Amino acid sequence: MLKINQLSFSYPKAKRPVLDDFSLEIAEGNVYGLLGKNGTGKSTLLYLIAGLLFPQRGNVLFNGADTRRRLPSTLNDMFLVPEEFALPSMSFSSYIKCNAPFYPRFSHEDMRRHLDIFDMSPDINLGELSMGQKKKAFMCFALACNTSLLLLDEPTNGLDIPGKSSFRKFIASNMTDERTIIISTHQVLDIDRLLDHVVLINNNGLVLDRCVYDITTRLNFLTTNDKDLIADALYAQPTIGGTHIITRNESGDESQINLETLFEFALTSPEILTGIFDTKEPRK
């Protein structure tokens with residue numbers, strides 16, 4: 001569906017590129033987590049995918065078309081929800097009437113269903129909403145457009161705890177084999193149960209690009225106070241409730257992923273992590 005080929009991008013007057021010779025392939029029918037520290041290029045990558053920024057080198061191909069061309073057939077099949085945005089001061093029903101025609105698969109029935117998940121009414125006035133409420137409304141519209149590709153940049157920022165819970169239900173209940181969702185975030189605990197695939201970027205490039213099944217059959221994620229387990233762990237992160245550790249998964253049975261611990265492991269010991277995935281498949 002999406003091919004990112006040797007992409008390089010720098011902002012004017014920047015001392016170093018945000019992305020350098022960056023390549024990645026995105027398959028349809030999956031939820032991707034795009035993880036990285038602030039300033040590592042997650043938002044920039046989403047804007048390059050959407051054709052809102054142009055790379056100095058390389059290209060982004062969406063269903064074979066270069067996104068920098070911003071063809072109607074490309075734009076009406078992808079939707080970007082940025083971290084920060086402004087909505088006009090008008091009724092939501094009027095907003096839908098003005099913008100839905102740009103998306104040929106827009107569904108009013110889906111729109112109502114999405115609003116129900118967030119306990120929102122279609123009669124709301126966008127100018128009267130808080131930032132969190134605006135984000136919920138905009139995400140509802142985005143998903144109702146039924147585009148093949150949905151890009152979400154820090155979607156849980158501004159949401160309260162019930163809103164984050166509703167967001168997870170919102171995403172999980174609307175995945176299909178024809179839709180791909182890329183969620184860029186540093187709030188990994190908000191999305192760890194949603195992901196099919198993890199992409200982690202740092203220092204201009206790719207640190208990890210693996211499906212969750214591959215990760216959880218290669219690695220065990222545990223919380224323990226056992227000193228021997230901690231000493232032998234690939235990575236250990238002390239917490240109030242015990243030490244989060246990562247060990248090799250010798251059985252090949254799926255473990256429960258801890259994205260926050262994996263994130264820290266990938267940043268502190270990328271060579272060790274790469275070595276684990278360069279070995280042969282674990283035993284089934």
# chains A, B, ... in the order shown; residues from 1 in each chain; ligands from 1
call {"tool": "residues_around", "arguments": {"residues": "Thr216 of chain A", "least_positions_apart": "3", "cutoff": "6 Å", "atoms": "only C-alpha atoms", "output": "JSON, numbers by chain"}}
result
{"A": [213, 219, 254, 255]}
call {"tool": "closest_atom_pairs", "arguments": {"of": "segment 51-85 of chain A", "to": "segment 139-157 of chain A", "cutoff": "12 Å", "atoms": "only C-alpha atoms", "output": "JSON lines"}}
result
{"residue": "A:Phe62", "atom": "CA", "partner": "A:Leu149", "partner_atom": "CA", "distance": 9.2}
{"residue": "A:Asn63", "atom": "CA", "partner": "A:Ser148", "partner_atom": "CA", "distance": 10.0}
{"residue": "A:Ser73", "atom": "CA", "partner": "A:Thr147", "partner_atom": "CA", "distance": 10.8}
{"residue": "A:Thr74", "atom": "CA", "partner": "A:Thr147", "partner_atom": "CA", "distance": 9.7}
{"residue": "A:Leu75", "atom": "CA", "partner": "A:Thr147", "partner_atom": "CA", "distance": 9.2}
{"residue": "A:Asn76", "atom": "CA", "partner": "A:Thr147", "partner_atom": "CA", "distance": 7.0}
{"residue": "A:Asp77", "atom": "CA", "partner": "A:Thr147", "partner_atom": "CA", "distance": 4.4}
{"residue": "A:Met78", "atom": "CA", "partner": "A:Leu149", "partner_atom": "CA", "distance": 4.6}
{"residue": "A:Phe79", "atom": "CA", "partner": "A:Leu150", "partner_atom": "CA", "distance": 5.0}
{"residue": "A:Leu80", "atom": "CA", "partner": "A:Leu151", "partner_atom": "CA", "distance": 4.6}
{"residue": "A:Val81", "atom": "CA", "partner": "A:Leu152", "partner_atom": "CA", "distance": 5.0}
{"residue": "A:Pro82", "atom": "CA", "partner": "A:Asp153", "partner_atom": "CA", "distance": 5.0}
{"residue": "A:Glu83", "atom": "CA", "partner": "A:Asp153", "partner_atom": "CA", "distance": 5.0}
{"residue": "A:Glu84", "atom": "CA", "partner": "A:Asp153", "partner_atom": "CA", "distance": 8.6}
{"residue": "A:Phe85", "atom": "CA", "partner": "A:Asp153", "partner_atom": "CA", "distance": 10.8}
call {"tool": "select_by_dssp", "arguments": {"residues": "segment 32-261 of chain A", "states": "strand (DSSP E)", "output": "count of residues only"}}
result
58
call {"tool": "closest_atom_pairs", "arguments": {"of": "segment 49-115 of chain A", "to": "segment 164-171 of chain A", "cutoff": "10 Å", "atoms": "only C-alpha atoms", "output": "CSV"}}
result
residue,atom,partner,partner_atom,distance
A:Arg113,CA,A:Phe170,CA,9.6
A:His114,CA,A:Phe170,CA,6.9
A:Leu115,CA,A:Phe170,CA,9.5
call {"tool": "atom_distance", "arguments": {"atom1": "atom CA of Leu195 of chain A", "atom2": "atom CA of Thr180 of chain A"}}
result
11.0 Å
call {"tool": "residues_around", "arguments": {"residues": "Ala65 of chain A", "least_positions_apart": "3", "cutoff": "12 Å", "atoms": "only C-alpha atoms", "output": "number ranges by chain"}}
result
A: 1-4, 49-51, 59-62, 68-75, 77
call {"tool": "write_last_selection", "arguments": {"atoms": "all heavy atoms", "output": "short mmCIF file (atom, residue, chain, number, x, y, z; two decimals), in the first residue's frame"}}
result
data_model
loop_
_atom_site.label_atom_id
_atom_site.label_comp_id
_atom_site.auth_asym_id
_atom_site.auth_seq_id
_atom_site.Cartn_x
_atom_site.Cartn_y
_atom_site.Cartn_z
N MET A 1 0.82 -1.21 0.00
CA MET A 1 0.00 0.00 0.00
C MET A 1 0.86 1.26 0.00
O MET A 1 0.66 2.18 -0.78
CB MET A 1 -0.91 0.03 1.23
CG MET A 1 -1.55 1.39 1.47
SD MET A 1 -2.40 1.52 3.02
CE MET A 1 -4.04 1.14 2.49
N LEU A 2 1.84 1.33 0.91
CA LEU A 2 2.64 2.54 1.09
C LEU A 2 4.11 2.16 1.08
O LEU A 2 4.55 1.30 1.85
CB LEU A 2 2.26 3.19 2.42
CG LEU A 2 2.80 4.58 2.71
CD1 LEU A 2 2.19 5.61 1.77
CD2 LEU A 2 2.50 4.97 4.15
N LYS A 3 4.87 2.81 0.19
CA LYS A 3 6.31 2.57 0.11
C LYS A 3 7.06 3.88 0.27
O LYS A 3 6.83 4.83 -0.49
CB LYS A 3 6.67 1.91 -1.22
CG LYS A 3 6.18 0.48 -1.35
CD LYS A 3 6.73 -0.17 -2.61
CE LYS A 3 6.29 -1.62 -2.70
NZ LYS A 3 6.85 -2.29 -3.90
N ILE A 4 7.92 3.93 1.26
CA ILE A 4 8.74 5.11 1.52
C ILE A 4 10.16 4.75 1.11
O ILE A 4 10.77 3.83 1.67
CB ILE A 4 8.68 5.49 3.01
CG1 ILE A 4 7.22 5.79 3.41
CG2 ILE A 4 9.58 6.69 3.31
CD1 ILE A 4 7.01 5.91 4.90
N ILE A 49 4.18 11.69 4.15
CA ILE A 49 3.30 10.66 3.60
C ILE A 49 2.06 11.30 2.98
O ILE A 49 1.60 10.90 1.90
CB ILE A 49 2.89 9.66 4.71
CG1 ILE A 49 4.09 8.81 5.13
CG2 ILE A 49 1.75 8.76 4.23
CD1 ILE A 49 3.83 7.93 6.35
N ALA A 50 1.52 12.32 3.67
CA ALA A 50 0.30 12.98 3.19
C ALA A 50 0.55 13.95 2.04
O ALA A 50 -0.40 14.49 1.46
CB ALA A 50 -0.37 13.71 4.35
N GLY A 51 1.82 14.18 1.69
CA GLY A 51 2.13 15.10 0.60
C GLY A 51 2.06 16.56 0.99
O GLY A 51 2.03 17.45 0.12
N ASN A 59 11.11 9.36 -2.24
CA ASN A 59 9.69 9.61 -2.49
C ASN A 59 8.82 8.72 -1.60
O ASN A 59 9.30 7.80 -0.96
CB ASN A 59 9.35 9.40 -3.97
CG ASN A 59 9.68 8.00 -4.47
OD1 ASN A 59 9.68 7.03 -3.72
ND2 ASN A 59 9.98 7.90 -5.75
N VAL A 60 7.55 9.05 -1.58
CA VAL A 60 6.53 8.26 -0.88
C VAL A 60 5.50 7.85 -1.93
O VAL A 60 4.89 8.70 -2.58
CB VAL A 60 5.84 9.06 0.24
CG1 VAL A 60 4.77 8.19 0.91
CG2 VAL A 60 6.85 9.54 1.27
N LEU A 61 5.30 6.55 -2.09
CA LEU A 61 4.34 6.03 -3.06
C LEU A 61 3.15 5.43 -2.32
O LEU A 61 3.32 4.52 -1.49
CB LEU A 61 4.99 4.97 -3.94
CG LEU A 61 6.21 5.40 -4.76
CD1 LEU A 61 6.75 4.23 -5.57
CD2 LEU A 61 5.88 6.58 -5.67
N PHE A 62 1.97 5.95 -2.62
CA PHE A 62 0.73 5.43 -2.05
C PHE A 62 -0.07 4.79 -3.17
O PHE A 62 -0.49 5.46 -4.10
CB PHE A 62 -0.06 6.56 -1.40
CG PHE A 62 -1.40 6.14 -0.85
CD1 PHE A 62 -1.49 5.18 0.14
CD2 PHE A 62 -2.57 6.72 -1.33
CE1 PHE A 62 -2.72 4.80 0.65
CE2 PHE A 62 -3.81 6.35 -0.82
CZ PHE A 62 -3.88 5.37 0.17
N ARG A 68 3.59 13.48 -3.41
CA ARG A 68 3.88 14.90 -3.62
C ARG A 68 3.06 15.48 -4.77
O ARG A 68 2.88 16.69 -4.87
CB ARG A 68 5.38 15.12 -3.87
CG ARG A 68 5.84 14.79 -5.26
CD ARG A 68 7.25 15.29 -5.50
NE ARG A 68 8.23 14.50 -4.77
CZ ARG A 68 9.45 14.96 -4.45
NH1 ARG A 68 9.80 16.18 -4.78
NH2 ARG A 68 10.30 14.19 -3.81
N ARG A 69 2.53 14.63 -5.64
CA ARG A 69 1.69 15.09 -6.75
C ARG A 69 0.29 15.48 -6.27
O ARG A 69 -0.43 16.19 -6.97
CB ARG A 69 1.60 14.01 -7.82
CG ARG A 69 2.93 13.65 -8.46
CD ARG A 69 2.77 12.48 -9.43
NE ARG A 69 1.85 12.84 -10.53
CZ ARG A 69 1.31 11.95 -11.35
NH1 ARG A 69 1.55 10.65 -11.17
NH2 ARG A 69 0.50 12.34 -12.33
N ARG A 70 -0.10 15.00 -5.09
CA ARG A 70 -1.39 15.34 -4.48
C ARG A 70 -2.55 15.15 -5.46
O ARG A 70 -3.38 16.03 -5.66
CB ARG A 70 -1.37 16.77 -3.92
CG ARG A 70 -0.35 16.92 -2.78
CD ARG A 70 -0.37 18.27 -2.12
NE ARG A 70 -1.68 18.61 -1.56
CZ ARG A 70 -2.18 18.11 -0.44
NH1 ARG A 70 -1.50 17.20 0.25
NH2 ARG A 70 -3.36 18.49 0.00
N LEU A 71 -2.56 13.97 -6.07
CA LEU A 71 -3.63 13.63 -7.00
C LEU A 71 -4.95 13.48 -6.26
O LEU A 71 -4.97 13.01 -5.10
CB LEU A 71 -3.29 12.33 -7.72
CG LEU A 71 -2.03 12.31 -8.59
CD1 LEU A 71 -1.76 10.89 -9.08
CD2 LEU A 71 -2.17 13.28 -9.75
N PRO A 72 -6.07 13.84 -6.88
CA PRO A 72 -7.38 13.65 -6.22
C PRO A 72 -7.60 12.21 -5.77
O PRO A 72 -8.15 11.96 -4.69
CB PRO A 72 -8.37 14.07 -7.30
CG PRO A 72 -7.63 15.05 -8.14
CD PRO A 72 -6.21 14.56 -8.16
N SER A 73 -7.16 11.25 -6.58
CA SER A 73 -7.34 9.84 -6.22
C SER A 73 -6.52 9.45 -5.00
O SER A 73 -6.84 8.48 -4.30
CB SER A 73 -6.96 8.95 -7.40
OG SER A 73 -5.61 9.19 -7.79
N THR A 74 -5.44 10.19 -4.73
CA THR A 74 -4.64 9.96 -3.53
C THR A 74 -5.26 10.66 -2.33
O THR A 74 -5.44 10.07 -1.26
CB THR A 74 -3.21 10.49 -3.74
OG1 THR A 74 -2.58 9.76 -4.80
CG2 THR A 74 -2.38 10.35 -2.47
N LEU A 75 -5.64 11.93 -2.50
CA LEU A 75 -6.13 12.73 -1.38
C LEU A 75 -7.47 12.24 -0.86
O LEU A 75 -7.76 12.37 0.34
CB LEU A 75 -6.25 14.20 -1.80
CG LEU A 75 -4.93 14.87 -2.21
CD1 LEU A 75 -5.18 16.32 -2.57
CD2 LEU A 75 -3.91 14.78 -1.08
N ASP A 77 -8.35 9.24 -0.58
CA ASP A 77 -8.22 7.90 0.00
C ASP A 77 -7.27 7.89 1.19
O ASP A 77 -6.85 6.82 1.63
CB ASP A 77 -7.76 6.91 -1.07
CG ASP A 77 -8.09 5.47 -0.70
OD1 ASP A 77 -9.04 5.27 0.09
OD2 ASP A 77 -7.41 4.56 -1.19
#
call {"tool": "select_by_dssp", "arguments": {"residues": "segment 20-245 of chain A", "states": "helix (DSSP H, G or I)", "output": "JSON, numbers by chain"}}
result
{"A": [42, 43, 44, 45, 46, 47, 48, 49, 67, 68, 69, 72, 73, 74, 75, 92, 93, 94, 95, 96, 97, 98, 99, 100, 101, 102, 108, 109, 110, 111, 112, 113, 114, 115, 116, 117, 126, 127, 128, 131, 132, 133, 134, 135, 136, 137, 138, 139, 140, 141, 142, 143, 144, 161, 162, 163, 164, 165, 166, 167, 168, 169, 170, 171, 172, 188, 189, 190, 212, 213, 214, 215, 216, 217, 218, 227, 228, 229, 230, 231, 232]}
call {"tool": "closest_residue", "arguments": {"among": "A:Met131, A:Gln56, A:Arg193, A:Val198", "to": "Phe22 of chain A", "atoms": "only C-alpha atoms"}}
result
A:Gln56
